[in-house]
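Have a look at start-v7.csv; it's CSV, C-alpha atoms and all ligand atoms:
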```csv
chain,number,residue,atom,x,y,z
A,3,MET,CA,-55.7,-94.9,71.3
A,4,ILE,CA,-54.0,-92.0,73.0
A,5,ARG,CA,-54.2,-92.6,76.7
A,6,SER,CA,-52.1,-90.0,78.5
A,7,CYS,CA,-51.8,-86.3,79.3
A,8,LEU,CA,-48.5,-85.0,80.6
A,9,HIS,CA,-49.4,-81.3,80.4
A,10,THR,CA,-51.7,-80.6,83.3
A,11,HIS,CA,-52.2,-77.6,85.6
A,12,THR,CA,-53.9,-77.5,89.0
A,13,THR,CA,-54.8,-75.0,91.7
A,14,PHE,CA,-51.1,-74.9,92.6
A,15,CYS,CA,-50.7,-72.6,89.6
A,16,ASP,CA,-53.4,-71.4,87.2
A,17,GLY,CA,-55.6,-74.6,87.0
A,18,ALA,CA,-59.1,-74.8,88.3
A,19,ASP,CA,-59.0,-78.3,89.9
A,20,ASP,CA,-56.8,-79.9,92.5
A,21,VAL,CA,-54.4,-82.9,91.9
A,22,GLU,CA,-56.9,-85.5,93.2
A,23,THR,CA,-59.8,-84.2,91.1
A,24,MET,CA,-57.5,-84.3,88.0
A,25,CYS,CA,-56.4,-87.9,88.8
A,26,ALA,CA,-60.0,-89.1,89.3
A,27,ALA,CA,-61.1,-87.4,86.0
A,28,ALA,CA,-58.2,-88.9,84.1
A,29,ALA,CA,-59.1,-92.4,85.4
A,30,ALA,CA,-62.8,-91.9,84.6
A,31,ARG,CA,-61.9,-90.8,81.0
A,32,GLY,CA,-59.9,-94.0,80.4
A,33,LEU,CA,-56.4,-92.4,80.5
A,34,ALA,CA,-53.6,-94.7,81.7
A,35,ALA,CA,-51.3,-91.9,82.7
A,36,ILE,CA,-51.4,-88.3,83.9
A,37,GLY,CA,-48.5,-86.0,84.4
A,38,PHE,CA,-48.6,-82.8,86.4
A,39,SER,CA,-46.7,-79.8,85.0
A,40,SER,CA,-47.3,-76.8,87.1
A,41,HIS,CA,-45.7,-73.6,85.8
A,42,ALA,CA,-42.4,-73.7,87.6
A,43,PRO,CA,-41.5,-70.9,90.1
A,44,ILE,CA,-39.6,-68.1,88.4
A,45,ALA,CA,-40.0,-65.3,90.9
A,46,LYS,CA,-36.7,-65.6,92.8
A,47,LYS,CA,-34.6,-66.0,89.6
A,48,THR,CA,-36.2,-63.3,87.6
A,49,GLY,CA,-37.8,-60.9,90.1
A,50,ILE,CA,-41.1,-61.3,88.1
A,51,LYS,CA,-44.3,-62.0,90.0
A,52,THR,CA,-47.2,-63.4,88.1
A,53,SER,CA,-50.5,-64.9,89.1
A,54,TRP,CA,-49.9,-68.0,87.0
A,55,HIS,CA,-46.6,-69.5,88.2
A,56,LEU,CA,-46.3,-71.8,91.2
A,57,PRO,CA,-45.0,-69.6,94.1
A,58,ASP,CA,-41.5,-70.5,95.3
A,59,GLU,CA,-42.8,-71.3,98.8
A,60,LYS,CA,-45.4,-73.8,97.4
A,61,LEU,CA,-42.9,-75.9,95.5
A,62,ASP,CA,-42.3,-78.5,98.2
A,63,GLU,CA,-46.0,-78.9,98.9
A,64,TYR,CA,-46.5,-79.4,95.1
A,65,LEU,CA,-43.8,-82.1,94.9
A,66,GLU,CA,-45.2,-83.9,97.9
A,67,THR,CA,-48.8,-83.8,96.8
A,68,VAL,CA,-48.1,-85.3,93.4
A,69,LEU,CA,-45.8,-87.9,94.9
A,70,ALA,CA,-48.5,-88.9,97.3
A,71,ALA,CA,-51.0,-89.1,94.4
A,72,LYS,CA,-48.6,-91.4,92.6
A,73,LYS,CA,-48.7,-93.8,95.5
A,74,ARG,CA,-52.4,-93.5,96.1
A,75,TRP,CA,-53.3,-94.3,92.5
A,76,ARG,CA,-50.7,-97.1,91.9
A,77,GLY,CA,-52.3,-99.9,90.0
A,78,ARG,CA,-55.2,-97.7,88.7
A,79,LEU,CA,-53.5,-94.7,87.1
A,80,GLU,CA,-49.9,-93.9,86.5
A,81,VAL,CA,-49.1,-90.5,87.9
A,82,PHE,CA,-46.0,-88.5,86.9
A,83,LEU,CA,-44.3,-85.5,88.5
A,84,GLY,CA,-43.2,-82.8,86.1
A,85,LEU,CA,-42.9,-79.0,85.7
A,86,GLU,CA,-43.5,-76.7,82.8
A,87,VAL,CA,-40.4,-74.5,82.9
A,88,ASP,CA,-40.3,-71.1,81.2
A,89,TYR,CA,-37.4,-70.2,79.0
A,90,ILE,CA,-36.7,-66.5,79.1
A,91,GLN,CA,-33.6,-65.6,77.1
A,92,GLY,CA,-30.7,-64.7,79.3
A,93,LEU,CA,-32.7,-65.1,82.5
A,94,CYS,CA,-33.9,-68.6,83.2
A,95,GLY,CA,-34.6,-71.9,81.5
A,96,PRO,CA,-35.1,-75.7,81.9
A,97,ALA,CA,-31.3,-76.3,81.9
A,98,ASP,CA,-30.9,-74.3,85.2
A,99,GLY,CA,-29.5,-76.3,88.1
A,100,ASP,CA,-32.5,-75.4,90.3
A,101,TYR,CA,-34.8,-77.4,88.1
A,102,GLN,CA,-32.4,-80.1,87.1
A,103,SER,CA,-31.8,-81.0,90.8
A,104,LEU,CA,-35.5,-81.7,91.5
A,105,PRO,CA,-36.8,-85.3,91.6
A,106,LEU,CA,-38.9,-84.9,88.5
A,107,ASP,CA,-40.0,-87.5,86.0
A,108,TYR,CA,-39.9,-84.9,83.2
A,109,ILE,CA,-39.7,-81.2,82.3
A,110,ILE,CA,-41.7,-79.4,79.6
A,111,GLY,CA,-39.8,-76.5,78.2
A,112,SER,CA,-42.0,-73.6,77.1
A,113,VAL,CA,-41.6,-70.1,75.7
A,114,HIS,CA,-44.4,-67.7,76.8
A,115,PHE,CA,-42.2,-64.5,77.1
A,116,ALA,CA,-41.0,-63.3,73.7
A,117,ALA,CA,-39.9,-59.9,75.1
A,118,PRO,CA,-38.0,-58.8,78.2
A,119,PRO,CA,-40.2,-60.1,81.0
A,120,GLU,CA,-40.4,-56.8,82.8
A,121,ARG,CA,-42.7,-55.7,80.0
A,122,GLY,CA,-45.1,-58.3,81.2
A,123,PHE,CA,-45.9,-59.5,77.6
A,124,THR,CA,-46.6,-63.1,76.8
A,125,VAL,CA,-47.6,-64.4,73.3
A,126,ASP,CA,-50.5,-66.3,74.7
A,127,ALA,CA,-51.9,-63.4,76.8
A,128,PRO,CA,-55.7,-62.6,76.7
A,129,GLU,CA,-56.5,-60.6,73.6
A,130,GLU,CA,-56.6,-57.1,75.0
A,131,GLU,CA,-53.4,-57.5,76.9
A,132,PHE,CA,-51.7,-59.1,73.9
A,133,LEU,CA,-52.8,-56.3,71.6
A,134,ALA,CA,-51.4,-53.6,73.9
A,135,GLY,CA,-48.0,-55.3,74.2
A,136,PHE,CA,-47.9,-56.2,70.5
A,137,ARG,CA,-48.4,-52.5,69.6
A,138,ASP,CA,-46.0,-51.1,72.3
A,139,ILE,CA,-43.2,-53.7,72.0
A,140,PHE,CA,-43.4,-54.9,68.4
A,141,GLN,CA,-45.0,-51.8,66.9
A,142,GLY,CA,-47.7,-54.1,65.5
A,143,ASP,CA,-45.2,-55.9,63.3
A,144,GLY,CA,-46.1,-59.6,63.1
A,145,THR,CA,-42.8,-60.6,61.6
A,146,ALA,CA,-40.9,-59.0,64.5
A,147,LEU,CA,-43.2,-60.9,66.9
A,148,TYR,CA,-42.7,-64.4,65.4
A,149,ASN,CA,-38.9,-63.8,65.0
A,150,ALA,CA,-38.6,-62.9,68.7
A,151,TYR,CA,-40.6,-66.0,69.6
A,152,TYR,CA,-38.7,-68.4,67.4
A,153,ASP,CA,-35.3,-66.9,68.4
A,154,ALA,CA,-36.3,-67.7,72.0
A,155,TYR,CA,-37.5,-71.1,71.1
A,156,ARG,CA,-34.3,-71.9,69.4
A,157,GLY,CA,-32.3,-70.7,72.4
A,158,MET,CA,-34.3,-73.0,74.6
A,159,ILE,CA,-33.7,-76.1,72.4
A,160,GLU,CA,-29.9,-75.3,72.2
A,161,GLU,CA,-29.6,-74.9,76.0
A,162,GLY,CA,-31.7,-78.1,76.5
A,163,GLY,CA,-32.6,-79.6,79.9
A,164,PHE,CA,-36.1,-80.5,79.0
A,165,ASP,CA,-37.8,-83.7,77.9
A,166,ILE,CA,-40.9,-82.3,76.1
A,167,ALA,CA,-40.9,-79.3,73.8
A,168,GLY,CA,-44.0,-77.3,74.8
A,169,HIS,CA,-46.7,-75.8,72.4
A,170,LEU,CA,-44.2,-75.3,69.6
A,171,ASP,CA,-46.1,-72.6,67.6
A,172,LEU,CA,-47.9,-70.9,70.5
A,173,VAL,CA,-47.1,-67.6,68.8
A,174,LYS,CA,-50.2,-68.3,66.5
A,175,LYS,CA,-52.6,-68.2,69.5
A,176,ASN,CA,-53.6,-64.5,69.0
A,177,ASN,CA,-53.2,-64.7,65.2
A,178,GLY,CA,-56.7,-65.6,64.4
A,179,LEU,CA,-57.6,-65.1,60.7
A,180,TYR,CA,-53.9,-64.6,60.1
A,181,ARG,CA,-54.3,-60.9,61.0
A,182,PHE,CA,-50.7,-60.3,62.0
A,183,PHE,CA,-48.7,-62.8,59.9
A,184,SER,CA,-49.4,-65.5,57.4
A,185,PRO,CA,-48.2,-69.0,58.1
A,186,GLU,CA,-47.8,-69.3,54.3
A,187,ASP,CA,-45.2,-66.6,54.3
A,188,PRO,CA,-41.9,-68.2,53.2
A,189,ALA,CA,-40.0,-66.3,55.9
A,190,TYR,CA,-42.3,-67.8,58.5
A,191,GLY,CA,-41.8,-71.3,56.9
A,192,LYS,CA,-38.1,-70.8,57.2
A,193,ARG,CA,-38.3,-70.3,60.9
A,194,LEU,CA,-40.4,-73.5,61.3
A,195,LEU,CA,-37.9,-75.4,59.2
A,196,GLU,CA,-35.0,-74.1,61.3
A,197,THR,CA,-36.9,-75.0,64.5
A,198,ALA,CA,-37.6,-78.5,63.2
A,199,ASP,CA,-33.9,-79.1,62.3
A,200,CYS,CA,-32.9,-77.9,65.7
A,201,LEU,CA,-35.4,-80.3,67.4
A,202,ALA,CA,-34.2,-83.2,65.3
A,203,ALA,CA,-30.6,-82.6,66.4
A,204,ALA,CA,-31.8,-82.4,70.1
A,205,SER,CA,-34.0,-85.5,69.7
A,206,GLY,CA,-30.9,-87.6,68.9
A,207,ARG,CA,-29.2,-87.0,72.2
A,208,PRO,CA,-30.4,-87.7,75.8
A,209,ALA,CA,-32.3,-84.7,77.2
A,210,ARG,CA,-31.3,-84.9,80.8
A,211,GLU,CA,-28.8,-87.0,82.7
A,212,THR,CA,-30.7,-86.7,86.0
A,213,THR,CA,-33.7,-88.8,84.9
A,214,GLY,CA,-31.6,-92.0,85.0
A,215,ASN,CA,-33.3,-92.7,81.7
A,216,GLY,CA,-30.3,-93.0,79.5
A,217,ALA,CA,-31.9,-92.5,76.1
A,218,PHE,CA,-34.5,-90.1,77.0
A,219,PRO,CA,-35.0,-88.1,73.8
A,220,VAL,CA,-36.6,-84.7,73.3
A,221,VAL,CA,-40.2,-85.3,72.4
A,222,VAL,CA,-42.6,-82.7,70.9
A,223,GLU,CA,-46.0,-82.4,72.4
A,224,VAL,CA,-49.1,-82.1,70.2
A,225,ASN,CA,-51.0,-79.8,72.5
A,226,THR,CA,-54.8,-79.3,72.2
A,227,GLY,CA,-54.9,-76.6,75.0
A,228,GLY,CA,-55.7,-73.8,72.6
A,229,MET,CA,-58.6,-75.8,71.2
A,230,ASN,CA,-59.8,-76.7,74.6
A,231,ARG,CA,-60.0,-73.1,75.5
A,232,GLY,CA,-61.6,-72.1,72.1
A,233,ARG,CA,-58.7,-70.0,71.0
A,234,VAL,CA,-57.4,-71.9,68.0
A,235,SER,CA,-58.9,-74.5,65.6
A,236,GLU,CA,-55.9,-76.8,65.4
A,237,PRO,CA,-53.3,-78.2,67.8
A,238,TYR,CA,-49.9,-76.8,68.5
A,239,PRO,CA,-48.0,-77.4,66.3
A,240,SER,CA,-49.8,-77.1,63.0
A,241,ARG,CA,-49.9,-79.9,60.3
A,242,ALA,CA,-47.1,-78.2,58.4
A,243,VAL,CA,-44.8,-78.5,61.4
A,244,LEU,CA,-45.9,-82.0,62.1
A,245,LYS,CA,-44.8,-83.0,58.5
A,246,LEU,CA,-41.4,-81.4,59.1
A,247,LEU,CA,-41.0,-83.3,62.3
A,248,ARG,CA,-42.1,-86.6,60.7
A,249,GLU,CA,-39.5,-86.2,58.0
A,250,ARG,CA,-36.9,-85.8,60.8
A,251,ASN,CA,-38.3,-88.7,62.9
A,252,VAL,CA,-39.0,-86.5,65.9
A,253,PRO,CA,-41.3,-88.4,68.3
A,254,LEU,CA,-44.6,-86.9,69.6
A,255,THR,CA,-46.8,-87.1,72.7
A,256,VAL,CA,-50.3,-85.8,72.9
A,257,THR,CA,-51.4,-83.4,75.7
A,258,ALA,CA,-54.4,-81.3,76.5
A,259,ASP,CA,-52.6,-78.6,78.4
A,260,ALA,CA,-55.5,-79.1,80.8
A,261,HIS,CA,-56.3,-76.2,83.1
A,262,SER,CA,-59.4,-78.1,84.4
A,263,ALA,CA,-60.6,-81.7,84.6
A,264,GLU,CA,-63.0,-81.2,81.7
A,265,HIS,CA,-60.0,-80.5,79.4
A,266,LEU,CA,-58.5,-83.9,79.9
A,267,GLY,CA,-58.5,-85.8,76.6
A,268,GLY,CA,-60.2,-82.9,74.8
A,269,HIS,CA,-59.8,-82.7,71.0
A,270,TYR,CA,-57.5,-85.8,71.0
A,271,GLU,CA,-59.2,-87.1,67.8
A,272,GLU,CA,-58.2,-83.9,65.9
A,273,ALA,CA,-54.7,-84.3,67.3
A,274,ARG,CA,-54.6,-87.9,66.2
A,275,ASN,CA,-55.9,-87.0,62.7
A,276,ALA,CA,-53.3,-84.3,62.3
A,277,MET,CA,-50.5,-86.7,63.3
A,278,MET,CA,-51.8,-89.4,60.9
A,279,ASP,CA,-52.1,-86.9,58.1
A,280,ALA,CA,-48.5,-86.0,58.7
A,281,GLY,CA,-47.5,-89.6,58.4
A,282,TYR,CA,-47.1,-90.6,62.0
A,283,SER,CA,-48.3,-94.1,63.0
A,284,SER,CA,-47.4,-93.9,66.7
A,285,ALA,CA,-47.2,-91.6,69.7
A,286,LEU,CA,-45.3,-91.8,73.0
A,287,ARG,CA,-46.5,-91.8,76.5
A,288,LEU,CA,-44.7,-92.1,79.8
A,289,ALA,CA,-45.0,-95.4,81.6
A,290,GLU,CA,-43.5,-96.6,84.9
A,291,GLY,CA,-40.5,-98.8,84.4
A,292,LYS,CA,-39.7,-101.8,86.7
A,293,ASP,CA,-37.5,-99.6,88.9
A,294,GLY,CA,-40.2,-96.9,89.2
A,295,LYS,CA,-38.4,-94.6,86.7
A,296,ALA,CA,-40.4,-93.1,83.9
A,297,LEU,CA,-39.8,-94.6,80.4
A,298,TRP,CA,-41.3,-93.6,77.1
A,299,LEU,CA,-43.7,-96.2,75.7
A,300,GLU,CA,-44.7,-96.2,72.0
A,301,GLU,CA,-48.4,-96.7,71.3
A,302,PRO,CA,-49.7,-97.2,67.8
A,303,LEU,CA,-52.2,-94.7,66.2
A,304,THR,CA,-54.4,-96.8,64.0
A,305,ALA,CA,-56.9,-95.9,61.3
A,306,ARG,CA,-59.5,-97.6,63.6
A,307,ASP,CA,-58.7,-94.8,66.1
A,308,ARG,CA,-60.1,-92.3,63.7
A,309,GLY,CA,-63.5,-91.1,64.7
A,310,GLU,CA,-63.2,-92.8,68.1
A,311,SER,CA,-64.0,-90.7,71.0
A,401,ZN,ZN,-47.5,-73.1,78.5
A,402,ZN,ZN,-49.3,-75.3,80.3
```

As C-alpha cells, what does this structure read like?
Amino acid sequence: MIRSCLHTHTTFCDGADDVETMCAAAAARGLAAIGFSSHAPIAKKTGIKTSWHLPDEKLDEYLETVLAAKKRWRGRLEVFLGLEVDYIQGLCGPADGDYQSLPLDYIIGSVHFAAPPERGFTVDAPEEEFLAGFRDIFQGDGTALYNAYYDAYRGMIEEGGFDIAGHLDLVKKNNGLYRFFSPEDPAYGKRLLETADCLAAASGRPARETTGNGAFPVVVEVNTGGMNRGRVSEPYPSRAVLKLLRERNVPLTVTADAHSAEHLGGHYEEARNAMMDAGYSSALRLAEGKDGKALWLEEPLTARDRGES
C-alpha cells in the first residue's frame, strides 16, 4: 500500500489548508508520512512576483511551522520538511546555495516556466492564460512548446540539487485531446527517452550532500495532482515514461501534489496500476532514520493492492 505524500501545498503558498489540517487529514486517511513542499521563494532571485510562491519573508515561519508539526505528530505521523523549487533556465534552480543551505529533508525540482519568466507563462497555467501565452510566445506551435519544456527539464537534471523530480511531463496538462502535440509523435518520444536517460544517470549518484543521507538517489514522483484537479486522466508521468524509467531502474514515489486536504491519497490506485503495468513492484517513501534523518524506504506494490482504496 502507498502510504505517503511528499508533495503538499498549504496556505503558506497556494494551498487551501494549513499545516495542521493537512497532518490531521493525512493521519485520518491512513498515511504514515506527509512531506510539505511549499513553492520555494523566487522573488528576490528573479524579480518575479507571483501569487503562488511562498513569499521570502514567510520562509522562516514556514520552516518553523513544519518543524513544530514534526515534533507534535511524532509517533503518529512522520512529517518531513521540503520545498518545491522552480528551475528557470539561467535564473534559478534547486542547486542554488540559498536552497541547499536550508535544513530540508528533501527538495522537489520542478519546471513550470518554459519561457522567460517575465512573460509570466507557465505550462500548467489555467486554460485561458495558457492559450494566450501559447499563441504569443510559441505561435501556437506545440513542438516548440514541448521542446522548450524538455530543454529546461534536462537543464534541471544536469544541474541537480534535488531529490525528487517533479511532475515530469507536466507539459501535457493543457494538451487535452492531444490538441497541440501528439504523445505518439516520434519526435516527442525522443525527448522522453532523452529525459529518461538523463534521470537514470542522475539516479546513480547522490543528489545532495547536505542531507547527510549518503546514497540519496534522484527519485521520480508519480504525481496525481492533475487528476485530483480534474485536468488530466492519468498521472504525471504517463505509462510510456514509466516503462522507460523501469527499464533504467529509476525509483518512484507516489504523491498527490495536494493543494487541499481532500487531495491527499487521491487517485493513488490509478498511480499504482500504472506503475505495476510498467513493471514496478515497489515504490519509495521517506521514513525517519534512527538519527532523525530522512531515509528512503522501499514498500512493495502487490497485486492485492489493486482495487484497494
Ligand atoms: Zn509544481
Ligand atoms: Zn506542487

Separation of atom CA of Leu288 of chain A from atom CA of Thr226 of chain A, in Å and rounded to one decimal
18.0 Å

Can you pull out every residue with an atom within 8 Å of ligand ZN 402 (chain A)? Use only C-alpha atoms and all ligand atoms and format it as a ChimeraX atom specification.
/A:9-11,39-41,86,168,227,259-261

Distance in Å - atom CA of Val256 of chain A versus atom CA of Asp153 of chain A
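Separating atom CA of Val256 of chain A from atom CA of Asp153 of chain A is a distance of 24.5 Å.
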
Is it possible to get the residues within 6 Å of (-47.3, -91.4, 80.1) (coordinates as in the file, counting only C-alpha atoms) written as a list in words?
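Here the neighbourhood of the point contains Ser6, Ala35, Arg287, Leu288 and Ala289 of chain A.
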
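Closest approach to Gly162 of chain A among A:Tyr89, A:Trp298, A:Phe140, A:Trp54: A:Tyr89, based on all atoms listed in the file.
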
From (-37.9, -67.0, 63.1), in the file's coordinates, out to 8 Å: which residues are reached, counting only C-alpha atoms? Answer as a ChimeraX atom specification.
/A:148-153,189-190,192-194,196

Between atom CA of Val252 of chain A and atom CA of Lys72 of chain A - distance in Å to one decimal
28.8 Å

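Considering the residues A:Ala45, A:Leu93, A:Ile110, A:Leu8 and counting all atoms listed in the file, ligand ZN 401 (chain A) has its shortest atom-to-atom contact with A:Ile110.
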
Tell me which protein, DNA and RNA residues are within 10 Å of Glu120 of chain A, counting only C-alpha atoms, leaving out same-chain ones fewer than 3 positions away, and put them as a ChimeraX atom specification.
/A:48-51,115,117,123

Smallest atom-to-atom distance to ligand ZN 401 (chain A): which of A:Asp293, A:Glu130, A:Glu223, A:Asp138, using only C-alpha atoms and all ligand atoms?
A:Glu223

Completed segment 12-24 of chain A (N, CA, C and O atoms) as an mmCIF file, in the coordinates of the input:
```cif
data_model
loop_
_atom_site.group_PDB
_atom_site.id
_atom_site.type_symbol
_atom_site.label_atom_id
_atom_site.label_comp_id
_atom_site.auth_asym_id
_atom_site.auth_seq_id
_atom_site.Cartn_x
_atom_site.Cartn_y
_atom_site.Cartn_z
ATOM 1 N N THR A 12 -52.960 -77.340 87.864
ATOM 2 C CA THR A 12 -53.900 -77.500 89.000
ATOM 3 C C THR A 12 -53.997 -76.172 89.740
ATOM 4 O O THR A 12 -53.403 -75.173 89.335
ATOM 5 N N THR A 13 -54.670 -76.221 90.870
ATOM 6 C CA THR A 13 -54.800 -75.000 91.700
ATOM 7 C C THR A 13 -53.450 -74.575 92.287
ATOM 8 O O THR A 13 -53.356 -73.496 92.843
ATOM 9 N N PHE A 14 -52.406 -75.402 92.145
ATOM 10 C CA PHE A 14 -51.100 -74.900 92.600
ATOM 11 C C PHE A 14 -50.594 -73.784 91.709
ATOM 12 O O PHE A 14 -49.762 -72.999 92.137
ATOM 13 N N CYS A 15 -51.048 -73.732 90.435
ATOM 14 C CA CYS A 15 -50.700 -72.600 89.600
ATOM 15 C C CYS A 15 -51.977 -71.946 89.051
ATOM 16 O O CYS A 15 -52.741 -71.380 89.816
ATOM 17 N N ASP A 16 -52.252 -72.100 87.750
ATOM 18 C CA ASP A 16 -53.400 -71.400 87.200
ATOM 19 C C ASP A 16 -54.534 -72.403 86.770
ATOM 20 O O ASP A 16 -55.384 -72.050 85.959
ATOM 21 N N GLY A 17 -54.526 -73.608 87.321
ATOM 22 C CA GLY A 17 -55.600 -74.600 87.000
ATOM 23 C C GLY A 17 -56.776 -74.401 87.920
ATOM 24 O O GLY A 17 -56.671 -73.786 88.987
ATOM 25 N N ALA A 18 -57.902 -74.978 87.507
ATOM 26 C CA ALA A 18 -59.100 -74.800 88.300
ATOM 27 C C ALA A 18 -59.351 -75.939 89.295
ATOM 28 O O ALA A 18 -60.093 -75.761 90.262
ATOM 29 N N ASP A 19 -58.737 -77.099 89.073
ATOM 30 C CA ASP A 19 -59.000 -78.300 89.900
ATOM 31 C C ASP A 19 -57.738 -78.733 90.635
ATOM 32 O O ASP A 19 -56.626 -78.473 90.177
ATOM 33 N N ASP A 20 -57.934 -79.475 91.738
ATOM 34 C CA ASP A 20 -56.800 -79.900 92.500
ATOM 35 C C ASP A 20 -56.240 -81.276 91.914
ATOM 36 O O ASP A 20 -56.848 -81.862 91.006
ATOM 37 N N VAL A 21 -55.122 -81.715 92.457
ATOM 38 C CA VAL A 21 -54.400 -82.900 91.900
ATOM 39 C C VAL A 21 -55.356 -84.129 91.982
ATOM 40 O O VAL A 21 -55.468 -84.881 90.997
ATOM 41 N N GLU A 22 -56.051 -84.326 93.089
ATOM 42 C CA GLU A 22 -56.900 -85.500 93.200
ATOM 43 C C GLU A 22 -58.052 -85.496 92.231
ATOM 44 O O GLU A 22 -58.366 -86.513 91.615
ATOM 45 N N THR A 23 -58.662 -84.334 92.055
ATOM 46 C CA THR A 23 -59.800 -84.200 91.100
ATOM 47 C C THR A 23 -59.289 -84.540 89.681
ATOM 48 O O THR A 23 -59.979 -85.214 88.903
ATOM 49 N N MET A 24 -58.090 -84.067 89.350
ATOM 50 C CA MET A 24 -57.500 -84.300 88.000
ATOM 51 C C MET A 24 -57.254 -85.820 87.832
ATOM 52 O O MET A 24 -57.514 -86.384 86.764
#
```
